[in-house]
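Worksheet: one structure, shown below.
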Amino acid sequence: MINFIGTYDCKADSKGRFMMPAAIKKQLAPIMQEGFVIKRAVFQSCLELYPMKEWNELMGRMNKLNRFNKKNNDFIRRFTAGVKTVEVDSNGRLLIPRDLISVAGITKDVTVSSAINIIEIWDKQKYEEAIDDATDDFADLAEEVMGSDAGESIS
């Protein structure tokens with residue numbers, strides 16, 4: 001499993017292409033030939049870039065859902081809405097499909113941010129707003145998510 005590191009600002013051209021930051025490109029090098037899947041995020045107004053291996057593992061888990069359960073079927077449809085395969089071209093650029101540019105509200109200024117095993121692609125202003133909005137609640141969230149004492153004791 002790959003773990004990406006870093007947050008970088010980029011500029012998109014009029015076609016929705018942006019130069020993948022050198023540090024991210026270096027991290028992607030071992031998996032570049034496999035391609036990627038890009039999709040709208042579930043919880044935020046951004047896009048998610050999955051290395052093909054990560055996407056296939058996720059699809060393996062989703063494939064176990066019973067499609068005769070309406071909630072499962074609705075989830076699968078909405079989760080995969082607008083999904084596209086993409087590649088980083090020989091010049092190191094990624095082309096964001098037009099429909100996904102609209103969904104994420106991406107303009108010229110783009111922020112590329114690591115999210116463990118995927119990369120989030122944001123409109124820079126929306127990214128800054130999301131980070132600022134979460135500042136007040138982050139300490140509480142960190143304690144709730146990561147602060148469990150289960151299995152740990154102080155002697």
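Every chain in the structure tokens takes a letter, A first, then B, and so on in the order presented; its residues are numbered from 1, and the ligands are numbered from 1 following the presented order.
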
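All residues in stretch 77-137 of chain A with a DSSP state of strand (DSSP E or B), computed from the backbone, read Lys84, Thr85, Val86, Val88, Arg93, Leu94, Leu95, Asp109, Val110, Thr111, Val112, Ser113, Ser114, Ala115, Ile118, Ile119, Glu120, Ile121, Trp122 and Asp123 of chain A.
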
Please write the residues from the selection above to a file, keeping N, CA and C atoms, as a short mmCIF file (atom, residue, chain, number, x, y, z; two decimals), in the first residue's frame.
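New file again33.cif:
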```
data_model
loop_
_atom_site.label_atom_id
_atom_site.label_comp_id
_atom_site.auth_asym_id
_atom_site.auth_seq_id
_atom_site.Cartn_x
_atom_site.Cartn_y
_atom_site.Cartn_z
N LYS A 84 -13.93 8.25 -13.77
CA LYS A 84 -13.21 8.19 -15.04
C LYS A 84 -11.82 7.62 -14.79
N THR A 85 -11.28 6.95 -15.80
CA THR A 85 -9.88 6.56 -15.75
C THR A 85 -9.07 7.71 -16.35
N VAL A 86 -7.92 7.98 -15.77
CA VAL A 86 -7.05 9.05 -16.24
C VAL A 86 -5.60 8.59 -16.15
N VAL A 88 -1.40 10.25 -16.10
CA VAL A 88 -0.48 11.39 -16.09
C VAL A 88 0.29 11.28 -17.40
N ARG A 93 1.53 15.93 -16.78
CA ARG A 93 0.27 16.64 -16.56
C ARG A 93 -0.88 15.65 -16.39
N LEU A 94 -1.85 16.08 -15.60
CA LEU A 94 -3.08 15.32 -15.41
C LEU A 94 -4.22 16.16 -15.96
N LEU A 95 -5.04 15.55 -16.80
CA LEU A 95 -6.20 16.23 -17.36
C LEU A 95 -7.42 15.85 -16.53
N ASP A 109 -6.52 27.90 -9.86
CA ASP A 109 -5.64 27.54 -8.75
C ASP A 109 -6.11 26.23 -8.12
N VAL A 110 -5.21 25.25 -8.11
CA VAL A 110 -5.52 23.89 -7.66
C VAL A 110 -4.61 23.53 -6.49
N THR A 111 -5.16 22.82 -5.53
CA THR A 111 -4.35 22.24 -4.44
C THR A 111 -4.43 20.73 -4.55
N VAL A 112 -3.27 20.11 -4.55
CA VAL A 112 -3.15 18.65 -4.58
C VAL A 112 -2.69 18.24 -3.19
N SER A 113 -3.47 17.39 -2.53
CA SER A 113 -3.17 17.04 -1.15
C SER A 113 -3.22 15.53 -0.95
N SER A 114 -2.23 15.02 -0.24
CA SER A 114 -2.20 13.58 0.06
C SER A 114 -3.28 13.26 1.08
N ALA A 115 -3.88 12.10 0.91
CA ALA A 115 -4.89 11.59 1.85
C ALA A 115 -4.63 10.10 2.03
N ILE A 118 -4.68 7.89 -1.33
CA ILE A 118 -5.22 8.57 -2.50
C ILE A 118 -4.75 10.02 -2.47
N ILE A 119 -5.04 10.73 -3.55
CA ILE A 119 -4.70 12.15 -3.63
C ILE A 119 -5.98 12.93 -3.84
N GLU A 120 -6.17 13.97 -3.05
CA GLU A 120 -7.31 14.85 -3.23
C GLU A 120 -6.91 16.01 -4.11
N ILE A 121 -7.82 16.40 -5.01
CA ILE A 121 -7.59 17.53 -5.91
C ILE A 121 -8.69 18.55 -5.63
N TRP A 122 -8.28 19.72 -5.20
CA TRP A 122 -9.19 20.77 -4.74
C TRP A 122 -9.01 22.06 -5.54
N ASP A 123 -10.06 22.84 -5.62
CA ASP A 123 -9.91 24.24 -5.94
C ASP A 123 -9.20 24.85 -4.73
#
```

For stretch 63-78 of chain A: contacts at 12 Å, only C-alpha atoms, fewer than 4 positions along chain excluded, given as a compact mmCIF listing (two decimals) with C-alpha atoms, in the first residue's frame:
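Contents of part-v7.txt, freshly written:
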```
# COMPACT_ATOMS: atom_id res chain seq x y z
CA LYS A 39 -13.97 10.63 -8.90
CA ARG A 40 -15.95 13.10 -6.85
CA ALA A 41 -15.36 12.89 -3.11
CA VAL A 42 -18.11 11.63 -0.82
CA TRP A 55 -9.29 1.42 -6.80
CA ASN A 56 -9.40 -2.28 -7.64
CA GLU A 57 -9.08 -3.21 -3.96
CA LEU A 58 -11.95 -0.85 -3.10
CA MET A 59 -14.07 -2.27 -5.92
CA GLY A 82 -18.75 10.40 -12.81
CA VAL A 83 -15.85 7.99 -12.30
```

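From atom CA of A:Tyr8 back to atom CA of A:Gln27, the distance works out to 13.3 Å.
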
Practice item. Within 12 Å of A:Lys124, counting only C-alpha atoms, which residues show up once you throw out same-chain ones fewer than 6 positions away? Write them as a PyMOL selection string, please. Key: chain A and resi 7-12+45-46+104-113+130-131

Save the residues we just selected, N, CA, C and O atoms, as a PDB file, in the first residue's frame?
```
ATOM      1  N   THR A   7       1.211  18.439   0.449  1.00  0.00           N
ATOM      2  CA  THR A   7       0.165  19.300  -0.090  1.00  0.00           C
ATOM      3  C   THR A   7       0.853  20.343  -0.956  1.00  0.00           C
ATOM      4  O   THR A   7       1.815  20.981  -0.507  1.00  0.00           O
ATOM      5  N   TYR A   8       0.361  20.504  -2.181  1.00  0.00           N
ATOM      6  CA  TYR A   8       1.040  21.359  -3.146  1.00  0.00           C
ATOM      7  C   TYR A   8       0.032  22.192  -3.925  1.00  0.00           C
ATOM      8  O   TYR A   8      -1.080  21.738  -4.199  1.00  0.00           O
ATOM      9  N   ASP A   9       0.438  23.392  -4.296  1.00  0.00           N
ATOM     10  CA  ASP A   9      -0.390  24.266  -5.123  1.00  0.00           C
ATOM     11  C   ASP A   9       0.071  24.179  -6.565  1.00  0.00           C
ATOM     12  O   ASP A   9       1.268  24.087  -6.845  1.00  0.00           O
ATOM     13  N   CYS A  10      -0.899  24.178  -7.478  1.00  0.00           N
ATOM     14  CA  CYS A  10      -0.637  24.065  -8.912  1.00  0.00           C
ATOM     15  C   CYS A  10      -1.521  25.047  -9.660  1.00  0.00           C
ATOM     16  O   CYS A  10      -2.446  25.626  -9.083  1.00  0.00           O
ATOM     17  N   LYS A  11      -1.283  25.181 -10.939  1.00  0.00           N
ATOM     18  CA  LYS A  11      -2.114  25.997 -11.819  1.00  0.00           C
ATOM     19  C   LYS A  11      -2.682  25.101 -12.908  1.00  0.00           C
ATOM     20  O   LYS A  11      -1.953  24.342 -13.541  1.00  0.00           O
ATOM     21  N   ALA A  12      -3.989  25.182 -13.101  1.00  0.00           N
ATOM     22  CA  ALA A  12      -4.642  24.437 -14.179  1.00  0.00           C
ATOM     23  C   ALA A  12      -4.746  25.336 -15.405  1.00  0.00           C
ATOM     24  O   ALA A  12      -4.967  26.544 -15.279  1.00  0.00           O
ATOM     25  N   SER A  45     -16.124  18.872  -1.290  1.00  0.00           N
ATOM     26  CA  SER A  45     -16.247  19.382  -2.653  1.00  0.00           C
ATOM     27  C   SER A  45     -14.879  19.337  -3.329  1.00  0.00           C
ATOM     28  O   SER A  45     -14.278  20.370  -3.624  1.00  0.00           O
ATOM     29  N   CYS A  46     -14.383  18.126  -3.514  1.00  0.00           N
ATOM     30  CA  CYS A  46     -13.090  17.944  -4.170  1.00  0.00           C
ATOM     31  C   CYS A  46     -13.146  16.652  -4.975  1.00  0.00           C
ATOM     32  O   CYS A  46     -14.169  15.975  -5.002  1.00  0.00           O
ATOM     33  N   ALA A 104     -16.388  19.814  -8.721  1.00  0.00           N
ATOM     34  CA  ALA A 104     -15.500  20.249  -7.641  1.00  0.00           C
ATOM     35  C   ALA A 104     -15.302  21.760  -7.621  1.00  0.00           C
ATOM     36  O   ALA A 104     -14.664  22.275  -6.698  1.00  0.00           O
ATOM     37  N   GLY A 105     -15.837  22.476  -8.610  1.00  0.00           N
ATOM     38  CA  GLY A 105     -15.676  23.927  -8.646  1.00  0.00           C
ATOM     39  C   GLY A 105     -14.230  24.353  -8.815  1.00  0.00           C
ATOM     40  O   GLY A 105     -13.812  25.391  -8.307  1.00  0.00           O
ATOM     41  N   ILE A 106     -13.467  23.569  -9.548  1.00  0.00           N
ATOM     42  CA  ILE A 106     -12.048  23.858  -9.728  1.00  0.00           C
ATOM     43  C   ILE A 106     -11.867  24.979 -10.732  1.00  0.00           C
ATOM     44  O   ILE A 106     -12.461  24.979 -11.804  1.00  0.00           O
ATOM     45  N   THR A 107     -11.044  25.941 -10.338  1.00  0.00           N
ATOM     46  CA  THR A 107     -10.706  27.067 -11.213  1.00  0.00           C
ATOM     47  C   THR A 107      -9.236  26.924 -11.607  1.00  0.00           C
ATOM     48  O   THR A 107      -8.734  25.808 -11.708  1.00  0.00           O
ATOM     49  N   LYS A 108      -8.575  28.017 -11.779  1.00  0.00           N
ATOM     50  CA  LYS A 108      -7.178  27.982 -12.205  1.00  0.00           C
ATOM     51  C   LYS A 108      -6.238  27.506 -11.096  1.00  0.00           C
ATOM     52  O   LYS A 108      -5.272  26.795 -11.352  1.00  0.00           O
ATOM     53  N   ASP A 109      -6.516  27.902  -9.862  1.00  0.00           N
ATOM     54  CA  ASP A 109      -5.644  27.539  -8.746  1.00  0.00           C
ATOM     55  C   ASP A 109      -6.108  26.228  -8.121  1.00  0.00           C
ATOM     56  O   ASP A 109      -7.241  26.110  -7.662  1.00  0.00           O
ATOM     57  N   VAL A 110      -5.213  25.247  -8.106  1.00  0.00           N
ATOM     58  CA  VAL A 110      -5.521  23.888  -7.659  1.00  0.00           C
ATOM     59  C   VAL A 110      -4.612  23.530  -6.491  1.00  0.00           C
ATOM     60  O   VAL A 110      -3.443  23.899  -6.473  1.00  0.00           O
ATOM     61  N   THR A 111      -5.157  22.817  -5.525  1.00  0.00           N
ATOM     62  CA  THR A 111      -4.352  22.244  -4.441  1.00  0.00           C
ATOM     63  C   THR A 111      -4.432  20.730  -4.550  1.00  0.00           C
ATOM     64  O   THR A 111      -5.517  20.169  -4.674  1.00  0.00           O
ATOM     65  N   VAL A 112      -3.270  20.105  -4.549  1.00  0.00           N
ATOM     66  CA  VAL A 112      -3.153  18.652  -4.585  1.00  0.00           C
ATOM     67  C   VAL A 112      -2.685  18.238  -3.195  1.00  0.00           C
ATOM     68  O   VAL A 112      -1.650  18.716  -2.718  1.00  0.00           O
ATOM     69  N   SER A 113      -3.469  17.389  -2.535  1.00  0.00           N
ATOM     70  CA  SER A 113      -3.174  17.041  -1.154  1.00  0.00           C
ATOM     71  C   SER A 113      -3.220  15.525  -0.949  1.00  0.00           C
ATOM     72  O   SER A 113      -4.153  14.858  -1.405  1.00  0.00           O
ATOM     73  N   ALA A 130     -12.011  24.752   3.651  1.00  0.00           N
ATOM     74  CA  ALA A 130     -12.258  23.487   4.350  1.00  0.00           C
ATOM     75  C   ALA A 130     -11.297  23.319   5.524  1.00  0.00           C
ATOM     76  O   ALA A 130     -11.700  22.884   6.606  1.00  0.00           O
ATOM     77  N   ILE A 131     -10.044  23.682   5.334  1.00  0.00           N
ATOM     78  CA  ILE A 131      -9.056  23.579   6.411  1.00  0.00           C
ATOM     79  C   ILE A 131      -9.378  24.583   7.512  1.00  0.00           C
ATOM     80  O   ILE A 131      -9.358  24.255   8.697  1.00  0.00           O
TER      81      ILE A 131
END
```
